[in-house]
>>> print(open('protein_17.pdb').read())   # PDB, C-alpha atoms
ATOM      1  CA  MET L   1       2.004  35.511  32.678  1.00  0.00           C
ATOM      2  CA  THR L   2       4.012  34.501  35.686  1.00  0.00           C
ATOM      3  CA  ALA L   3       5.044  30.963  36.567  1.00  0.00           C
ATOM      4  CA  GLY L   4       2.529  30.897  39.425  1.00  0.00           C
ATOM      5  CA  ALA L   5      -0.306  31.828  37.085  1.00  0.00           C
ATOM      6  CA  LEU L   6       0.669  29.068  34.662  1.00  0.00           C
ATOM      7  CA  ILE L   7       0.794  26.524  37.472  1.00  0.00           C
ATOM      8  CA  GLY L   8      -2.585  27.725  38.734  1.00  0.00           C
ATOM      9  CA  ALA L   9      -4.095  27.464  35.253  1.00  0.00           C
ATOM     10  CA  GLY L  10      -2.712  23.939  34.894  1.00  0.00           C
ATOM     11  CA  LEU L  11      -4.138  22.887  38.243  1.00  0.00           C
ATOM     12  CA  LEU L  12      -7.493  24.391  37.308  1.00  0.00           C
ATOM     13  CA  LEU L  13      -7.527  22.370  34.083  1.00  0.00           C
ATOM     14  CA  ILE L  14      -6.769  19.195  36.030  1.00  0.00           C
ATOM     15  CA  VAL L  15      -9.615  19.884  38.480  1.00  0.00           C
ATOM     16  CA  VAL L  16     -12.057  20.648  35.664  1.00  0.00           C
ATOM     17  CA  GLY L  17     -11.012  17.487  33.838  1.00  0.00           C
ATOM     18  CA  LEU L  18     -11.586  15.361  36.917  1.00  0.00           C
ATOM     19  CA  ALA L  19     -14.909  17.060  37.666  1.00  0.00           C
ATOM     20  CA  TRP L  20     -16.041  16.482  34.059  1.00  0.00           C
ATOM     21  CA  ALA L  21     -16.536  12.788  34.815  1.00  0.00           C
ATOM     22  CA  LEU L  22     -18.691  13.629  37.839  1.00  0.00           C
ATOM     23  CA  ILE L  23     -21.141  15.895  35.980  1.00  0.00           C
ATOM     24  CA  PRO L  24     -23.918  13.660  34.655  1.00  0.00           C
ATOM     25  CA  GLY L  25     -24.914  14.251  31.062  1.00  0.00           C
ATOM     26  CA  MET L  26     -22.022  16.468  30.013  1.00  0.00           C
ATOM     27  CA  GLY L  27     -20.961  15.470  26.537  1.00  0.00           C
ATOM     28  CA  ARG L  28     -24.386  13.970  25.867  1.00  0.00           C
ATOM     29  CA  LEU L  29     -26.639  17.027  25.932  1.00  0.00           C
ATOM     30  CA  PRO L  30     -29.691  17.230  23.629  1.00  0.00           C
ATOM     31  CA  GLY L  31     -28.011  19.741  21.284  1.00  0.00           C
ATOM     32  CA  ASP L  32     -24.948  17.569  20.668  1.00  0.00           C
ATOM     33  CA  VAL L  33     -24.875  16.188  17.137  1.00  0.00           C
ATOM     34  CA  ARG L  34     -23.681  12.663  16.363  1.00  0.00           C
ATOM     35  CA  LEU L  35     -23.654  11.278  12.851  1.00  0.00           C
ATOM     36  CA  GLU L  36     -22.761   7.653  12.269  1.00  0.00           C
ATOM     37  CA  GLY L  37     -22.241   5.782   9.064  1.00  0.00           C
ATOM     38  CA  ASP L  38     -20.552   2.651   7.833  1.00  0.00           C
ATOM     39  CA  GLY L  39     -17.161   2.789   9.533  1.00  0.00           C
ATOM     40  CA  TRP L  40     -17.243   6.495  10.452  1.00  0.00           C
ATOM     41  CA  THR L  41     -18.594   8.736  13.205  1.00  0.00           C
ATOM     42  CA  ILE L  42     -18.771  12.523  13.427  1.00  0.00           C
ATOM     43  CA  TYR L  43     -19.483  14.034  16.837  1.00  0.00           C
ATOM     44  CA  ALA L  44     -20.090  17.788  17.244  1.00  0.00           C
ATOM     45  CA  PRO L  45     -20.736  18.708  20.900  1.00  0.00           C
ATOM     46  CA  ILE L  46     -22.517  21.996  20.146  1.00  0.00           C
ATOM     47  CA  ALA L  47     -24.665  22.224  23.294  1.00  0.00           C
ATOM     48  CA  THR L  48     -21.784  21.097  25.509  1.00  0.00           C
ATOM     49  CA  SER L  49     -19.551  23.779  23.981  1.00  0.00           C
ATOM     50  CA  ILE L  50     -22.157  26.468  24.626  1.00  0.00           C
ATOM     51  CA  ALA L  51     -22.657  25.301  28.222  1.00  0.00           C
ATOM     52  CA  LEU L  52     -18.892  25.334  28.851  1.00  0.00           C
ATOM     53  CA  SER L  53     -18.551  28.752  27.265  1.00  0.00           C
ATOM     54  CA  VAL L  54     -21.269  30.260  29.458  1.00  0.00           C
ATOM     55  CA  GLY L  55     -19.829  28.618  32.570  1.00  0.00           C
ATOM     56  CA  LEU L  56     -16.273  29.740  31.893  1.00  0.00           C
ATOM     57  CA  THR L  57     -17.450  33.265  31.055  1.00  0.00           C
ATOM     58  CA  LEU L  58     -19.215  33.503  34.421  1.00  0.00           C
ATOM     59  CA  VAL L  59     -16.224  32.131  36.328  1.00  0.00           C
ATOM     60  CA  LEU L  60     -13.749  34.433  34.585  1.00  0.00           C
ATOM     61  CA  ALA L  61     -16.011  37.467  35.081  1.00  0.00           C
ATOM     62  CA  ILE L  62     -16.203  36.746  38.810  1.00  0.00           C
ATOM     63  CA  VAL L  63     -12.447  36.220  39.057  1.00  0.00           C
ATOM     64  CA  SER L  64     -11.834  39.435  37.117  1.00  0.00           C
ATOM     65  CA  ARG L  65     -14.092  41.464  39.430  1.00  0.00           C
ATOM     66  CA  LEU L  66     -12.460  40.002  42.522  1.00  0.00           C
ATOM     67  CA  GLY L  67      -9.028  40.817  41.093  1.00  0.00           C
ATOM     68  CA  ARG L  68      -9.929  44.482  40.500  1.00  0.00           C
ATOM     69  CA  ARG L  69     -10.974  44.990  44.124  1.00  0.00           C
ATOM     70  CA  ARG L  70      -7.447  44.537  45.436  1.00  0.00           C
TER      71      ARG L  70
END
>>> encode(input="protein_17.pdb", output="C-alpha cells")
Amino acid sequence: MTAGALIGAGLLLIVVGLAWALIPGMGRLPGDVRLEGDGWTIYAPIATSIALSVGLTLVLAIVSRLGRRR
C-alpha cells in the first residue's frame, strides 16, 4: 500500500466517523443486544455490524469495479 492510499484510507475513516453521528438510529438498531445487570453492561451491536458490513461491501465492490476500468 502506498502512502497516498494510507492517507486516503485515514481520511475515509474520519469522514465515516463524523457521518456516524448524523445517521439516526445507528448503534441502536432493533437487532442490537444490550444486557444490563447490577454494575455491569454488555452491548453487542449485531444488527449495526451487519448493516456496516453490507454497506462497506457495496462501497468496496463499486470502488473495485471502477478501479478495474482504468
>>> closest_residue(input="protein_17.pdb", among="L:Leu6, L:Val16, L:Leu11, L:Leu22", to="Gly55 (chain L)", atoms="only C-alpha atoms")
L:Val16
>>> resolve_selection(input="protein_17.pdb", expression="the PyMOL selection byres ((chain L and resi 28) around 12)", output="list of chain:residue names")
L:Trp20, L:Ala21, L:Ile23, L:Pro24, L:Gly25, L:Met26, L:Gly27, L:Leu29, L:Pro30, L:Gly31, L:Asp32, L:Val33, L:Arg34, L:Tyr43, L:Ala44, L:Pro45, L:Ile46, L:Ala47, L:Thr48, L:Ser49, L:Ala51
>>> closest_residue(input="protein_17.pdb", among="L:Thr41, L:Ile7, L:Leu18, L:Leu13", to="Leu56 (chain L)", atoms="all atoms listed in the file")
L:Leu13
>>> atom_distance(input="protein_17.pdb", atom1="CA of Ala19 (chain L)", atom2="CA of Ser53 (chain L)")
16.1 Å
>>> axis_aligned_box(input="protein_17.pdb", around="region 58-67 of chain L", padding_each_side="4 Å", output="JSON")
{"center_x": -14.1, "center_y": 36.8, "center_z": 38.5, "size_x": 18.2, "size_y": 17.3, "size_z": 16.1}
>>> atom_distance(input="protein_17.pdb", atom1="CA of Leu58 (chain L)", atom2="CA of Thr2 (chain L)")
23.3 Å
>>> atom_distance(input="protein_17.pdb", atom1="CA of Gly8 (chain L)", atom2="CA of Val63 (chain L)")
13.0 Å
>>> decode(input="protein_17.pdb", residues="region 2-65 of chain L", atoms="C-alpha atoms", output="PDB file, in the first residue's frame")
ATOM      1  CA  THR L   2       1.348   3.381  -0.921  1.00  0.00           C
ATOM      2  CA  ALA L   3       1.454   6.411   1.352  1.00  0.00           C
ATOM      3  CA  GLY L   4      -1.345   8.053  -0.638  1.00  0.00           C
ATOM      4  CA  ALA L   5      -3.593   5.038  -0.157  1.00  0.00           C
ATOM      5  CA  LEU L   6      -2.963   5.055   3.591  1.00  0.00           C
ATOM      6  CA  ILE L   7      -3.751   8.760   3.796  1.00  0.00           C
ATOM      7  CA  GLY L   8      -6.909   8.219   1.750  1.00  0.00           C
ATOM      8  CA  ALA L   9      -7.999   5.350   3.997  1.00  0.00           C
ATOM      9  CA  GLY L  10      -7.398   7.503   7.074  1.00  0.00           C
ATOM     10  CA  LEU L  11      -9.423  10.367   5.640  1.00  0.00           C
ATOM     11  CA  LEU L  12     -12.219   7.965   4.745  1.00  0.00           C
ATOM     12  CA  LEU L  13     -12.303   6.689   8.330  1.00  0.00           C
ATOM     13  CA  ILE L  14     -12.513  10.256   9.626  1.00  0.00           C
ATOM     14  CA  VAL L  15     -15.415  11.058   7.278  1.00  0.00           C
ATOM     15  CA  VAL L  16     -17.261   7.869   8.226  1.00  0.00           C
ATOM     16  CA  GLY L  17     -16.726   8.599  11.914  1.00  0.00           C
ATOM     17  CA  LEU L  18     -18.131  12.096  11.560  1.00  0.00           C
ATOM     18  CA  ALA L  19     -21.061  10.878   9.459  1.00  0.00           C
ATOM     19  CA  TRP L  20     -21.840   8.190  12.066  1.00  0.00           C
ATOM     20  CA  ALA L  21     -23.229  10.860  14.390  1.00  0.00           C
ATOM     21  CA  LEU L  22     -25.501  12.173  11.630  1.00  0.00           C
ATOM     22  CA  ILE L  23     -27.140   8.820  10.817  1.00  0.00           C
ATOM     23  CA  PRO L  24     -30.158   8.487  13.107  1.00  0.00           C
ATOM     24  CA  GLY L  25     -30.548   5.144  14.817  1.00  0.00           C
ATOM     25  CA  MET L  26     -27.131   3.693  14.046  1.00  0.00           C
ATOM     26  CA  GLY L  27     -25.896   1.870  17.105  1.00  0.00           C
ATOM     27  CA  ARG L  28     -29.460   1.449  18.354  1.00  0.00           C
ATOM     28  CA  LEU L  29     -30.971  -0.854  15.738  1.00  0.00           C
ATOM     29  CA  PRO L  30     -33.594  -3.457  16.737  1.00  0.00           C
ATOM     30  CA  GLY L  31     -31.124  -6.362  16.439  1.00  0.00           C
ATOM     31  CA  ASP L  32     -28.566  -4.820  18.797  1.00  0.00           C
ATOM     32  CA  VAL L  33     -28.366  -6.688  22.092  1.00  0.00           C
ATOM     33  CA  ARG L  34     -27.897  -4.897  25.412  1.00  0.00           C
ATOM     34  CA  LEU L  35     -27.744  -6.758  28.693  1.00  0.00           C
ATOM     35  CA  GLU L  36     -27.612  -4.832  31.940  1.00  0.00           C
ATOM     36  CA  GLY L  37     -27.128  -6.052  35.450  1.00  0.00           C
ATOM     37  CA  ASP L  38     -26.036  -4.732  38.802  1.00  0.00           C
ATOM     38  CA  GLY L  39     -22.934  -2.715  37.953  1.00  0.00           C
ATOM     39  CA  TRP L  40     -22.306  -4.242  34.509  1.00  0.00           C
ATOM     40  CA  THR L  41     -23.456  -3.784  30.918  1.00  0.00           C
ATOM     41  CA  ILE L  42     -22.816  -5.915  27.840  1.00  0.00           C
ATOM     42  CA  TYR L  43     -23.590  -4.368  24.461  1.00  0.00           C
ATOM     43  CA  ALA L  44     -23.396  -6.439  21.251  1.00  0.00           C
ATOM     44  CA  PRO L  45     -24.268  -4.335  18.179  1.00  0.00           C
ATOM     45  CA  ILE L  46     -25.169  -7.294  15.946  1.00  0.00           C
ATOM     46  CA  ALA L  47     -27.585  -5.518  13.582  1.00  0.00           C
ATOM     47  CA  THR L  48     -25.320  -2.470  13.335  1.00  0.00           C
ATOM     48  CA  SER L  49     -22.378  -4.721  12.444  1.00  0.00           C
ATOM     49  CA  ILE L  50     -24.383  -6.442   9.713  1.00  0.00           C
ATOM     50  CA  ALA L  51     -25.568  -3.103   8.301  1.00  0.00           C
ATOM     51  CA  LEU L  52     -21.996  -1.758   8.243  1.00  0.00           C
ATOM     52  CA  SER L  53     -20.714  -4.936   6.638  1.00  0.00           C
ATOM     53  CA  VAL L  54     -23.280  -4.790   3.833  1.00  0.00           C
ATOM     54  CA  GLY L  55     -22.633  -1.085   3.280  1.00  0.00           C
ATOM     55  CA  LEU L  56     -18.862  -1.441   3.183  1.00  0.00           C
ATOM     56  CA  THR L  57     -19.117  -4.464   0.879  1.00  0.00           C
ATOM     57  CA  LEU L  58     -21.186  -2.437  -1.593  1.00  0.00           C
ATOM     58  CA  VAL L  59     -18.832   0.546  -1.447  1.00  0.00           C
ATOM     59  CA  LEU L  60     -15.712  -1.586  -1.887  1.00  0.00           C
ATOM     60  CA  ALA L  61     -17.291  -3.546  -4.756  1.00  0.00           C
ATOM     61  CA  ILE L  62     -18.095  -0.300  -6.566  1.00  0.00           C
ATOM     62  CA  VAL L  63     -14.608   1.084  -5.954  1.00  0.00           C
ATOM     63  CA  SER L  64     -13.065  -2.180  -7.153  1.00  0.00           C
ATOM     64  CA  ARG L  65     -15.085  -2.146 -10.390  1.00  0.00           C
TER      65      ARG L  65
END
